[in-house]
>>> print(open('run_27.txt').read())   # compact mmCIF, C-alpha atoms
# COMPACT_ATOMS: atom_id res chain seq x y z
CA MET A 1 -117.02 106.29 51.43
CA PRO A 2 -117.54 102.84 49.87
CA ALA A 3 -115.12 101.54 47.23
CA GLN A 4 -116.09 99.50 44.15
CA ILE A 5 -113.50 96.86 43.21
CA TYR A 6 -113.24 95.09 39.85
CA VAL A 7 -112.22 91.42 40.06
CA GLY A 8 -111.27 89.70 36.81
CA ASN A 9 -110.04 86.32 35.58
CA LEU A 10 -112.37 84.45 37.93
CA THR A 11 -112.96 80.74 37.52
CA TYR A 12 -116.44 79.95 36.23
CA SER A 13 -117.11 78.02 39.44
CA MET A 14 -116.52 81.09 41.68
CA THR A 15 -119.65 82.10 43.60
CA GLU A 16 -120.58 85.46 45.10
CA ASP A 17 -120.20 83.87 48.55
CA SER A 18 -116.67 82.61 47.84
CA LEU A 19 -115.77 86.03 46.40
CA ARG A 20 -117.01 87.63 49.64
CA GLU A 21 -114.93 85.18 51.71
CA LEU A 22 -111.83 86.12 49.72
CA PHE A 23 -112.21 89.84 50.57
CA GLU A 24 -113.63 89.69 54.11
CA PRO A 25 -110.24 89.26 55.86
CA PHE A 26 -109.42 92.81 54.72
CA GLY A 27 -112.57 94.57 55.91
CA GLU A 28 -116.34 94.87 55.64
CA VAL A 29 -117.73 93.71 52.30
CA THR A 30 -121.06 95.40 51.57
CA SER A 31 -121.82 93.53 48.33
CA THR A 32 -120.48 91.10 45.73
CA LYS A 33 -121.70 90.59 42.17
CA ILE A 34 -120.49 88.11 39.59
CA ILE A 35 -121.45 89.19 36.09
CA LYS A 36 -123.31 86.47 34.17
CA ASP A 37 -124.21 85.95 30.55
CA ARG A 38 -127.90 86.82 30.08
CA LEU A 39 -128.57 83.87 27.77
CA THR A 40 -126.62 81.05 29.45
CA ASP A 41 -126.57 82.35 33.06
CA ARG A 42 -122.88 81.32 33.10
CA SER A 43 -120.27 83.51 34.77
CA ARG A 44 -118.47 85.85 32.38
CA GLY A 45 -115.32 85.49 34.50
CA PHE A 46 -115.44 88.82 36.31
CA GLY A 47 -117.32 90.60 39.02
CA PHE A 48 -117.39 93.43 41.51
CA VAL A 49 -116.90 93.73 45.25
CA GLU A 50 -117.99 96.76 47.25
CA MET A 51 -116.16 97.45 50.49
CA GLU A 52 -117.27 99.96 53.11
CA ASN A 53 -113.83 101.47 53.68
CA LYS A 54 -111.60 102.74 50.85
CA ASP A 55 -108.35 102.10 52.77
CA GLU A 56 -109.39 98.49 53.44
CA ALA A 57 -110.31 98.15 49.76
CA GLU A 58 -106.85 99.40 48.72
CA THR A 59 -105.22 96.85 51.05
CA ALA A 60 -107.39 94.05 49.64
CA ILE A 61 -106.47 95.06 46.08
CA GLN A 62 -102.75 95.02 46.89
CA LYS A 63 -102.95 91.64 48.64
CA ILE A 64 -105.25 89.83 46.18
CA ASP A 65 -104.21 91.23 42.77
CA GLY A 66 -102.12 88.63 40.94
CA THR A 67 -102.69 85.86 43.49
CA GLU A 68 -103.78 82.47 42.23
CA VAL A 69 -107.28 81.27 43.07
CA GLU A 70 -108.38 77.88 41.74
CA GLY A 71 -105.57 77.93 39.19
CA ARG A 72 -106.17 81.43 37.80
CA ASN A 73 -104.31 84.65 38.61
CA MET A 74 -106.80 87.22 39.85
CA LYS A 75 -106.89 90.69 38.28
CA VAL A 76 -108.04 93.14 40.95
CA ASN A 77 -108.26 96.95 40.83
CA LEU A 78 -110.54 99.86 41.65
CA ALA A 79 -113.54 99.75 39.34
CA ARG A 80 -113.77 102.56 36.83
CA PRO A 81 -117.12 104.35 36.48
CA ARG A 82 -119.35 102.76 33.87
CA ARG A 83 -119.39 104.56 30.53
CA GLU A 84 -122.77 105.38 29.03
>>> encode(input="run_27.txt", output="structure tokens")
Amino acid sequence: MPAQIYVGNLTYSMTEDSLRELFEPFGEVTSTKIIKDRLTDRSRGFGFVEMENKDEAETAIQKIDGTEVEGRNMKVNLARPRRE
């Protein structure tokens, strides 16, 4: 069952490809999405990574959460379902 991961405190220069590269050492990444402002098309500083395997996702979260990437400490956890 795939796992959705929330990734926060991203640098504005982070791309979906570099986000994928960050998570790939821990397992298969099925998708990455950086959330952008609709008006400016600028990153809002967070995004989501979907990994195929929940155990691999948990490992990635443990290893990446709190680590520094481009001068910012990443905030990584399992994504909560979106509220309506």
>>> residues_around(input="run_27.txt", residues="region 46-54 of chain A", least_positions_apart="2", cutoff="7 Å", atoms="only C-alpha atoms", output="list in words")
Met1, Pro2, Ala3, Gln4, Ile5, Tyr6, Val7, Gly8, Asn9, Leu10, Glu28, Val29, Thr30, Ser31, Thr32, Lys33, Ile34, Ile35, Arg44, Glu56, Ala57 and Glu58 of chain A
>>> atom_distance(input="run_27.txt", atom1="CA of Ile61 (chain A)", atom2="CA of Glu21 (chain A)")
14.2 Å
>>> closest_residue(input="run_27.txt", among="A:Arg83, A:Lys75, A:Pro25, A:Tyr12", to="Asp37 (chain A)", atoms="only C-alpha atoms")
A:Tyr12
>>> atom_distance(input="run_27.txt", atom1="CA of Gly45 (chain A)", atom2="CA of Glu24 (chain A)")
20.1 Å
>>> closest_residue(input="run_27.txt", among="A:Ser43, A:Thr59, A:Asn77, A:Thr67", to="Thr11 (chain A)", atoms="all atoms listed in the file")
A:Ser43
>>> closest_residue(input="run_27.txt", among="A:Asn73, A:Pro81, A:Gly27, A:Thr40", to="Asp55 (chain A)", atoms="only C-alpha atoms")
A:Gly27
>>> atom_distance(input="run_27.txt", atom1="CA of Thr15 (chain A)", atom2="CA of Glu70 (chain A)")
12.2 Å
>>> decode(input="run_27.txt", residues="region 16-49 of chain A", atoms="N, CA and C atoms", output="short mmCIF file (atom, residue, chain, number, x, y, z; two decimals), in the first residue's frame")
data_model
loop_
_atom_site.label_atom_id
_atom_site.label_comp_id
_atom_site.auth_asym_id
_atom_site.auth_seq_id
_atom_site.Cartn_x
_atom_site.Cartn_y
_atom_site.Cartn_z
N GLU A 16 10.96 19.23 -7.84
CA GLU A 16 10.37 17.91 -7.64
C GLU A 16 11.40 16.82 -7.91
N ASP A 17 12.30 17.06 -8.87
CA ASP A 17 13.36 16.08 -9.16
C ASP A 17 14.33 15.95 -7.99
N SER A 18 14.73 17.07 -7.39
CA SER A 18 15.67 16.99 -6.27
C SER A 18 15.00 16.38 -5.03
N LEU A 19 13.69 16.60 -4.89
CA LEU A 19 12.94 15.97 -3.80
C LEU A 19 12.92 14.45 -4.00
N ARG A 20 12.70 14.03 -5.23
CA ARG A 20 12.71 12.59 -5.57
C ARG A 20 14.08 11.99 -5.24
N GLU A 21 15.15 12.68 -5.64
CA GLU A 21 16.51 12.18 -5.38
C GLU A 21 16.80 12.02 -3.90
N LEU A 22 16.21 12.88 -3.08
CA LEU A 22 16.40 12.83 -1.64
C LEU A 22 15.79 11.55 -1.04
N PHE A 23 14.65 11.12 -1.59
CA PHE A 23 13.92 9.97 -1.04
C PHE A 23 14.27 8.64 -1.70
N GLU A 24 14.77 8.67 -2.94
CA GLU A 24 15.02 7.43 -3.67
C GLU A 24 15.97 6.45 -2.99
N PRO A 25 16.98 6.90 -2.21
CA PRO A 25 17.84 5.90 -1.56
C PRO A 25 17.09 4.97 -0.60
N PHE A 26 15.87 5.36 -0.20
CA PHE A 26 15.12 4.58 0.78
C PHE A 26 14.08 3.66 0.15
N GLY A 27 13.84 3.81 -1.16
CA GLY A 27 12.86 2.95 -1.80
C GLY A 27 12.26 3.61 -3.03
N GLU A 28 11.26 2.93 -3.61
CA GLU A 28 10.64 3.42 -4.84
C GLU A 28 9.73 4.61 -4.58
N VAL A 29 10.03 5.72 -5.25
CA VAL A 29 9.21 6.93 -5.16
C VAL A 29 8.26 6.91 -6.36
N THR A 30 6.95 6.94 -6.08
CA THR A 30 5.99 6.88 -7.18
C THR A 30 5.62 8.28 -7.68
N SER A 31 5.69 9.29 -6.78
CA SER A 31 5.42 10.66 -7.23
C SER A 31 5.96 11.68 -6.24
N THR A 32 6.23 12.88 -6.76
CA THR A 32 6.61 14.01 -5.91
C THR A 32 5.81 15.21 -6.38
N LYS A 33 5.45 16.08 -5.43
CA LYS A 33 4.68 17.28 -5.77
C LYS A 33 5.09 18.38 -4.83
N ILE A 34 5.57 19.49 -5.39
CA ILE A 34 5.86 20.67 -4.58
C ILE A 34 4.67 21.61 -4.76
N ILE A 35 4.10 22.06 -3.65
CA ILE A 35 2.92 22.91 -3.71
C ILE A 35 3.35 24.34 -4.03
N LYS A 36 2.70 24.93 -5.05
CA LYS A 36 3.06 26.27 -5.49
C LYS A 36 1.90 27.24 -5.32
N ASP A 37 2.26 28.49 -5.14
CA ASP A 37 1.27 29.56 -5.07
C ASP A 37 0.62 29.71 -6.44
N ARG A 38 -0.70 29.76 -6.49
CA ARG A 38 -1.41 29.84 -7.77
C ARG A 38 -1.09 31.13 -8.53
N LEU A 39 -0.91 32.22 -7.81
CA LEU A 39 -0.69 33.52 -8.46
C LEU A 39 0.75 33.72 -8.92
N THR A 40 1.71 33.35 -8.06
CA THR A 40 3.11 33.65 -8.37
C THR A 40 3.86 32.45 -8.94
N ASP A 41 3.28 31.26 -8.83
CA ASP A 41 3.92 30.01 -9.26
C ASP A 41 5.20 29.73 -8.46
N ARG A 42 5.34 30.36 -7.30
CA ARG A 42 6.51 30.16 -6.44
C ARG A 42 6.19 29.06 -5.43
N SER A 43 7.19 28.28 -5.09
CA SER A 43 7.00 27.22 -4.10
C SER A 43 6.47 27.80 -2.80
N ARG A 44 5.56 27.07 -2.16
CA ARG A 44 5.05 27.50 -0.85
C ARG A 44 5.88 26.88 0.28
N GLY A 45 6.96 26.17 -0.07
CA GLY A 45 7.88 25.66 0.94
C GLY A 45 7.53 24.29 1.49
N PHE A 46 6.57 23.62 0.85
CA PHE A 46 6.26 22.25 1.27
C PHE A 46 5.78 21.44 0.08
N GLY A 47 5.78 20.14 0.29
CA GLY A 47 5.34 19.26 -0.79
C GLY A 47 5.02 17.87 -0.27
N PHE A 48 4.80 16.96 -1.20
CA PHE A 48 4.43 15.60 -0.85
C PHE A 48 5.23 14.61 -1.69
N VAL A 49 5.56 13.49 -1.07
CA VAL A 49 6.24 12.40 -1.76
C VAL A 49 5.39 11.17 -1.53
#
